[in-house]
$ cat protein.txt   # compact mmCIF, C-alpha atoms and all ligand atoms
# COMPACT_ATOMS: atom_id res chain seq x y z
CA MET A 1 156.82 157.29 -23.39
CA THR A 2 156.39 154.57 -26.05
CA ALA A 3 153.05 156.10 -27.08
CA ALA A 4 154.63 159.58 -27.39
CA LEU A 5 157.43 158.10 -29.52
CA TYR A 6 154.81 156.40 -31.71
CA LEU A 7 153.03 159.72 -32.20
CA VAL A 8 156.22 161.58 -33.14
CA CYS A 9 157.25 158.80 -35.57
CA ALA A 10 153.72 158.72 -37.06
CA LEU A 11 153.77 162.48 -37.74
CA ARG A 12 157.28 162.41 -39.20
CA ARG A 13 156.51 159.42 -41.43
CA SER A 14 153.23 161.01 -42.52
CA ALA A 15 155.04 164.21 -43.60
CA ALA A 16 157.34 162.14 -45.85
CA ALA A 17 154.68 159.69 -47.10
CA ALA A 18 153.05 159.59 -50.53
CA VAL A 19 149.62 159.65 -48.85
CA PRO A 20 149.96 161.90 -45.75
CA LEU A 21 147.57 161.44 -42.86
CA SER A 22 144.44 163.62 -42.83
CA GLY A 23 143.54 165.63 -39.71
CA PHE A 24 141.07 162.92 -38.66
CA GLU A 25 143.67 160.19 -39.19
CA VAL A 26 146.16 162.10 -37.04
CA SER A 27 143.49 162.39 -34.32
CA LEU A 28 143.06 158.59 -34.47
CA ARG A 29 146.78 158.21 -33.70
CA VAL A 30 146.50 160.69 -30.82
CA ALA A 31 143.55 158.65 -29.49
CA ALA A 32 145.59 155.43 -29.91
CA ALA A 33 148.51 156.90 -27.94
CA VAL A 34 146.29 158.33 -25.17
CA ILE A 35 144.07 155.25 -24.82
CA SER A 36 146.89 152.67 -24.82
CA SER A 37 148.92 154.61 -22.21
CA SER A 38 145.79 155.24 -20.11
CA ASN A 39 145.00 151.52 -20.22
CA ILE A 40 148.32 150.73 -18.52
CA PHE A 41 147.88 153.55 -15.98
CA ILE A 42 144.27 152.47 -15.20
CA SER A 43 145.23 148.78 -14.85
CA ASP A 44 147.96 149.73 -12.40
CA ALA A 45 145.60 151.95 -10.34
CA TYR A 46 142.85 149.28 -10.38
CA HIS A 47 145.00 146.26 -9.47
CA ASN A 48 147.71 147.80 -7.30
CA GLY A 49 145.57 150.03 -5.05
CA ASP A 50 146.55 147.84 -2.08
CA ARG A 51 150.22 148.71 -2.65
CA LYS A 52 149.59 152.45 -2.46
CA PRO A 53 149.09 153.87 1.03
CA GLY A 54 145.51 155.08 1.64
CA CYS A 55 144.28 153.94 -1.80
CA TYR A 56 142.71 150.60 -0.99
CA THR A 57 139.10 151.65 -0.49
CA LYS A 58 135.86 150.40 -2.04
CA GLU A 59 135.38 153.77 -3.79
CA HIS A 60 138.91 153.66 -5.23
CA GLU A 61 138.42 150.15 -6.60
CA LEU A 62 134.97 150.96 -8.04
CA PHE A 63 136.19 154.12 -9.76
CA TRP A 64 139.13 152.36 -11.44
CA MET A 65 136.98 149.34 -12.33
CA ARG A 66 134.64 151.68 -14.23
CA CYS A 67 137.62 153.27 -15.97
CA ASP A 68 139.00 149.81 -16.79
CA TYR A 69 135.82 148.70 -18.60
CA PHE A 70 135.64 151.98 -20.51
CA GLY A 71 139.34 151.69 -21.39
CA ILE A 72 138.91 148.17 -22.80
CA SER A 73 135.99 149.33 -24.96
CA ALA A 74 138.05 152.33 -26.13
CA ILE A 75 140.96 150.05 -27.15
CA LEU A 76 138.64 147.97 -29.31
CA ALA A 77 137.02 151.09 -30.86
CA TYR A 78 140.29 152.85 -31.72
CA ASN A 79 141.76 149.72 -33.31
CA GLN A 80 138.57 149.26 -35.32
CA LEU A 81 138.61 152.89 -36.56
CA LEU A 82 142.37 153.06 -37.15
CA TRP A 83 142.55 149.92 -39.26
CA THR A 84 139.32 150.69 -41.10
CA ALA A 85 140.93 154.02 -42.06
CA ASN A 86 144.06 152.13 -43.15
CA ILE A 87 142.05 150.03 -45.62
CA GLY A 88 140.24 153.03 -47.10
CA TRP A 89 136.89 153.00 -45.22
CA HIS A 90 135.39 150.20 -47.31
CA CYS A 91 131.60 150.19 -47.13
CA ARG A 92 130.77 147.46 -44.61
CA THR A 93 133.96 147.85 -42.61
CA ARG A 94 132.91 151.49 -42.12
CA LEU A 95 129.56 150.29 -40.72
CA ALA A 96 131.42 147.96 -38.35
CA ALA A 97 133.59 150.91 -37.21
CA ILE A 98 130.45 153.02 -36.58
CA PHE A 99 128.94 150.09 -34.65
CA SER A 100 132.08 149.80 -32.48
CA SER A 101 131.99 153.56 -31.81
CA ILE A 102 128.31 153.35 -30.76
CA CYS A 103 129.23 150.45 -28.44
CA LEU A 104 131.93 152.67 -26.89
CA ALA A 105 129.36 155.45 -26.34
CA VAL A 106 126.97 152.98 -24.64
CA VAL A 107 129.79 151.64 -22.43
CA GLY A 108 130.72 155.25 -21.58
CA ALA A 109 127.11 155.94 -20.55
CA ALA A 110 126.83 152.71 -18.54
CA ALA A 111 130.27 152.89 -16.86
CA PRO A 112 129.29 155.31 -14.05
CA ARG A 113 126.47 152.90 -13.08
CA LEU A 114 128.71 149.86 -12.62
CA SER A 115 128.67 148.72 -9.03
CA GLY A 116 130.45 145.37 -9.05
CA ASN A 117 131.49 142.45 -11.18
CA ARG A 118 128.12 140.71 -11.06
CA ASP A 119 125.56 143.52 -11.39
CA GLY A 120 123.36 143.86 -14.49
CA SER A 121 125.15 146.91 -15.90
CA THR A 122 128.53 145.17 -15.69
CA LYS A 123 127.14 142.13 -17.51
CA LEU A 124 125.72 144.44 -20.19
CA VAL A 125 129.09 146.18 -20.59
CA LYS A 126 130.81 142.78 -20.92
CA TYR A 127 128.35 141.74 -23.65
CA ILE A 128 128.85 145.04 -25.49
CA THR A 129 132.65 144.78 -25.45
CA GLY A 130 132.19 141.17 -26.59
CA LEU A 131 130.23 142.50 -29.59
CA GLN A 132 133.04 144.95 -30.32
CA PHE A 133 135.44 142.01 -30.51
CA MET A 134 133.14 139.43 -32.10
CA PRO A 135 131.79 140.17 -34.68
CA SER A 136 133.09 143.74 -35.38
CA LEU A 137 136.87 143.40 -35.06
CA THR A 138 136.79 139.79 -36.27
CA TYR A 139 134.93 140.85 -39.43
CA LEU A 140 137.46 143.62 -40.10
CA VAL A 141 140.41 141.24 -39.82
CA LEU A 142 138.68 138.68 -42.07
CA THR A 143 138.35 141.25 -44.87
CA MET A 144 142.12 141.75 -44.95
CA SER A 145 144.07 140.27 -47.81
CA GLY A 146 147.68 140.32 -49.03
CA ALA A 147 150.05 142.50 -47.00
CA MET A 148 147.22 143.75 -44.75
CA THR A 149 146.78 140.24 -43.35
CA ARG A 150 149.66 141.17 -41.01
CA ILE A 151 147.22 143.13 -38.84
CA ALA A 152 145.82 139.75 -37.77
CA ALA A 153 148.89 139.71 -35.46
CA ILE A 154 147.24 142.45 -33.35
CA TYR A 155 144.02 140.44 -33.19
CA VAL A 156 145.88 137.24 -32.24
CA LEU A 157 147.73 139.00 -29.39
CA TYR A 158 144.60 140.59 -27.88
CA ALA A 159 142.57 137.40 -28.38
CA THR A 160 145.26 135.14 -26.84
CA GLY A 161 145.30 137.32 -23.71
CA LEU A 162 141.51 137.11 -23.53
CA VAL A 163 141.53 133.34 -24.10
CA LEU A 164 144.04 132.71 -21.26
CA TYR A 165 141.90 134.94 -19.01
CA LEU A 166 138.69 133.08 -19.89
CA ALA A 167 140.33 129.68 -19.50
CA LYS A 168 142.03 130.85 -16.25
CA THR A 169 145.29 129.26 -17.46
CA PRO A 170 148.06 129.16 -16.28
CA GLN A 171 147.37 129.33 -12.56
CA SER A 172 150.17 130.94 -10.58
CA GLU A 173 150.53 133.20 -7.56
CA VAL A 174 153.44 135.00 -9.23
CA PHE A 175 152.64 135.24 -12.95
CA GLY A 176 149.34 133.60 -13.82
CA PHE A 177 146.59 134.02 -16.42
CA HIS A 178 145.71 137.55 -15.26
CA GLU A 179 149.30 138.73 -15.70
CA TYR A 180 149.50 136.96 -19.09
CA PHE A 181 146.26 138.73 -20.08
CA HIS A 182 147.73 142.16 -19.35
CA GLY A 183 151.05 141.16 -20.95
CA PHE A 184 149.32 140.16 -24.20
CA VAL A 185 147.23 143.37 -24.16
CA VAL A 186 150.44 145.44 -23.97
CA LEU A 187 151.95 143.37 -26.82
CA GLY A 188 148.74 144.04 -28.81
CA HIS A 189 149.18 147.82 -28.27
CA LEU A 190 152.82 147.62 -29.40
CA ALA A 191 151.94 145.52 -32.47
CA SER A 192 149.20 148.00 -33.42
CA MET A 193 151.61 150.94 -33.15
CA GLY A 194 154.47 149.19 -34.98
CA LEU A 195 152.31 147.92 -37.84
CA ASP A 196 150.61 151.31 -38.16
CA LEU A 197 154.00 153.05 -38.52
CA LEU A 198 154.85 150.58 -41.31
CA ASP A 199 151.55 151.36 -43.02
CA ILE A 200 151.96 155.14 -42.72
CA ALA A 201 155.38 154.92 -44.42
CA SER A 202 154.06 152.77 -47.28
CA PRO A 203 150.26 152.50 -47.21
CA VAL A 204 148.96 149.17 -48.45
CA ALA A 205 145.35 150.23 -48.93
CA ARG A 206 144.90 153.66 -47.28
CA VAL A 207 143.52 156.31 -49.60
CA ALA A 208 143.91 160.11 -49.59
CA ALA A 209 141.35 162.06 -47.54
CA GLY A 210 138.05 162.57 -49.40
CA THR A 211 138.46 159.52 -51.65
CA TRP A 212 136.74 156.88 -49.55
CA VAL A 213 136.32 153.48 -51.15
CA HIS A 214 132.65 152.59 -51.28
CA ARG A 215 132.71 149.07 -52.58
CA THR A 216 132.37 146.21 -50.13
CA PRO A 217 135.64 144.36 -49.65
CA PRO A 218 135.54 140.62 -50.28
CA MET A 219 135.90 138.32 -47.29
CA ALA A 220 139.46 137.39 -48.26
CA LEU A 221 139.72 134.81 -45.47
CA ASP A 222 143.55 134.94 -45.79
CA SER A 223 143.70 135.53 -42.06
CA LEU A 224 141.07 132.91 -41.13
CA PRO A 225 143.61 130.41 -39.68
CA LEU A 226 145.12 133.19 -37.51
CA VAL A 227 141.68 134.39 -36.37
CA LEU A 228 140.63 130.83 -35.47
CA ALA A 229 143.89 129.96 -33.65
CA PRO A 230 143.15 131.71 -30.30
CA TRP A 231 139.62 130.29 -30.16
CA CYS A 232 140.93 126.78 -30.88
CA LEU A 233 143.36 127.36 -28.00
CA LEU A 234 140.41 128.34 -25.78
CA PHE A 235 138.67 125.10 -26.67
CA VAL A 236 141.80 123.08 -25.86
CA LEU A 237 142.26 124.88 -22.53
CA LEU A 238 138.65 124.80 -21.34
CA PRO A 239 138.55 122.48 -18.33
CA ASN A 240 134.89 121.46 -18.81
CA LYS A 241 135.03 120.75 -22.54
CA GLY A 242 134.18 117.07 -21.90
CA ARG A 243 130.71 118.09 -20.77
CA PHE A 244 130.40 120.50 -23.71
CA LEU A 245 131.35 117.75 -26.18
CA ALA A 246 128.88 115.38 -24.54
CA LYS A 247 126.16 118.01 -24.93
CA LEU A 248 127.04 118.36 -28.59
CA LYS A 249 126.68 114.62 -29.01
CA GLY A 250 123.31 114.83 -27.24
CA LYS A 251 124.17 113.01 -24.02
CA GLU A 252 124.97 114.59 -20.64
CA THR A 253 127.91 113.29 -18.61
CA PRO A 254 126.84 111.88 -15.21
ZN ZN B 1 143.22 142.99 -14.83
$ encode --input "protein.txt" --output "structure tokens"
Amino acid sequence: MTAALYLVCALRRSAAAAVPLSGFEVSLRVAAAVISSSNIFISDAYHNGDRKPGCYTKEHELFWMRCDYFGISAILAYNQLLWTANIGWHCRTRLAAIFSSICLAVVGAAAPRLSGNRDGSTKLVKYITGLQFMPSLTYLVLTMSGAMTRIAAIYVLYATGLVLYLAKTPQSEVFGFHEYFHGFVVLGHLASMGLDLLDIASPVARVAAGTWVHRTPPMALDSLPLVLAPWCLLFVLLPNKGRFLAKLKGKETP
């Protein structure tokens, strides 16, 4: 529903904008709407199979787990492409967007082979989605300057969810780190849609179709504090950081 509303608003704003969306840019918004809604549907099917009569089988869980990994990779790829388009396809950011798309293709090819959380293919898929986040998406956000720095908000929301998940904090039977993770992912989707609608109405750096910017953007680093914030939080939350610090200092804790 929200995604459909986003799509309608995007098309209406594009029609009235000084730089209307190209066909490819419209298709990116369609992908954003489809992928973000699918992500919520897939998460529900994957996690709540036990609440649906006759659904809690090994095959059911495996199928939706495969979809879940593909969905996460697709979220990272569409955000990378959408925001690269919104800054005019600058040279290196375009390469990062191609890299993220290739990662999505590899995850798509590997997904049907996933057989559990600890098998080799699943580990590979985790590493690949990690590469989509760091360095690809991180690099894109770090090139943003001025008004475009606001897209760091999307990064911070997704990254905070991931950080809480990795740190397994807070622990709760009712609403713990896993629920916070999904909550932050949904907030990331909403932020991406809202900020994109703002940018369609008055593009900060988007250029008309066919006039791609080929110079490499400077690493503005305006958003560096925001990019670092979730990872600093991870460090604070990590329960075994004492041992990590000891290793850094060159001495193991007993
Ligand atoms: Zn989950």
$ residues_near_ligand --input "protein.txt" --ligand "ligand ZN 1 (chain B)" --cutoff "8 Å" --atoms "only C-alpha atoms and all ligand atoms" --output "PyMOL selection string"
chain A and resi 43+46-47+178-179+181-182
$ residues_around --input "protein.txt" --residues "range 235-241 of chain A" --least-positions-apart "5" --cutoff "9 Å" --atoms "all atoms listed in the file" --output "list in words"
Val163, Leu164, Leu166, Ala167, Lys168, Thr169, Pro230 and Ala246 of chain A
$ atom_distance --input "protein.txt" --atom1 "CA of Met148 in chain A" --atom2 "CA of Thr160 in chain A"
20.0 Å
$ atom_distance --input "protein.txt" --atom1 "CA of Val156 in chain A" --atom2 "CA of Leu187 in chain A"
10.2 Å
$ atom_distance --input "protein.txt" --atom1 "CA of Asp199 in chain A" --atom2 "CA of Gly130 in chain A"
27.4 Å
$ closest_atom_pairs --input "protein.txt" --of "range 92-121 of chain A" --to "range 65-84 of chain A" --cutoff "8 Å" --atoms "only C-alpha atoms" --output "JSON lines"
{"residue": "A:Thr93", "atom": "CA", "partner": "A:Thr84", "partner_atom": "CA", "distance": 6.3}
{"residue": "A:Arg94", "atom": "CA", "partner": "A:Thr84", "partner_atom": "CA", "distance": 6.5}
{"residue": "A:Ala96", "atom": "CA", "partner": "A:Gln80", "partner_atom": "CA", "distance": 7.9}
{"residue": "A:Ala97", "atom": "CA", "partner": "A:Leu81", "partner_atom": "CA", "distance": 5.4}
{"residue": "A:Ser100", "atom": "CA", "partner": "A:Ala77", "partner_atom": "CA", "distance": 5.4}
{"residue": "A:Ser101", "atom": "CA", "partner": "A:Ala77", "partner_atom": "CA", "distance": 5.7}
{"residue": "A:Cys103", "atom": "CA", "partner": "A:Ser73", "partner_atom": "CA", "distance": 7.7}
{"residue": "A:Leu104", "atom": "CA", "partner": "A:Ser73", "partner_atom": "CA", "distance": 5.6}
{"residue": "A:Val107", "atom": "CA", "partner": "A:Phe70", "partner_atom": "CA", "distance": 6.2}
{"residue": "A:Gly108", "atom": "CA", "partner": "A:Phe70", "partner_atom": "CA", "distance": 6.0}
{"residue": "A:Ala111", "atom": "CA", "partner": "A:Arg66", "partner_atom": "CA", "distance": 5.2}
{"residue": "A:Pro112", "atom": "CA", "partner": "A:Arg66", "partner_atom": "CA", "distance": 6.5}
{"residue": "A:Leu114", "atom": "CA", "partner": "A:Arg66", "partner_atom": "CA", "distance": 6.4}
$ closest_residue --input "protein.txt" --among "A:Thr129, A:Leu221, A:Ala32, A:Met144" --to "Gly188 in chain A" --atoms "all atoms listed in the file"
A:Ala32
$ closest_residue --input "protein.txt" --among "A:Pro203, A:Thr149, A:Leu21, A:Met193" --to "Ala4 in chain A" --atoms "only C-alpha atoms"
A:Met193
$ axis_aligned_box --input "protein.txt" --around "range 20-30 of chain A" --padding-each-side "5 Å" --output "JSON"
{"center_x": 145.5, "center_y": 161.9, "center_z": -38.3, "size_x": 18.9, "size_y": 17.4, "size_z": 24.9}
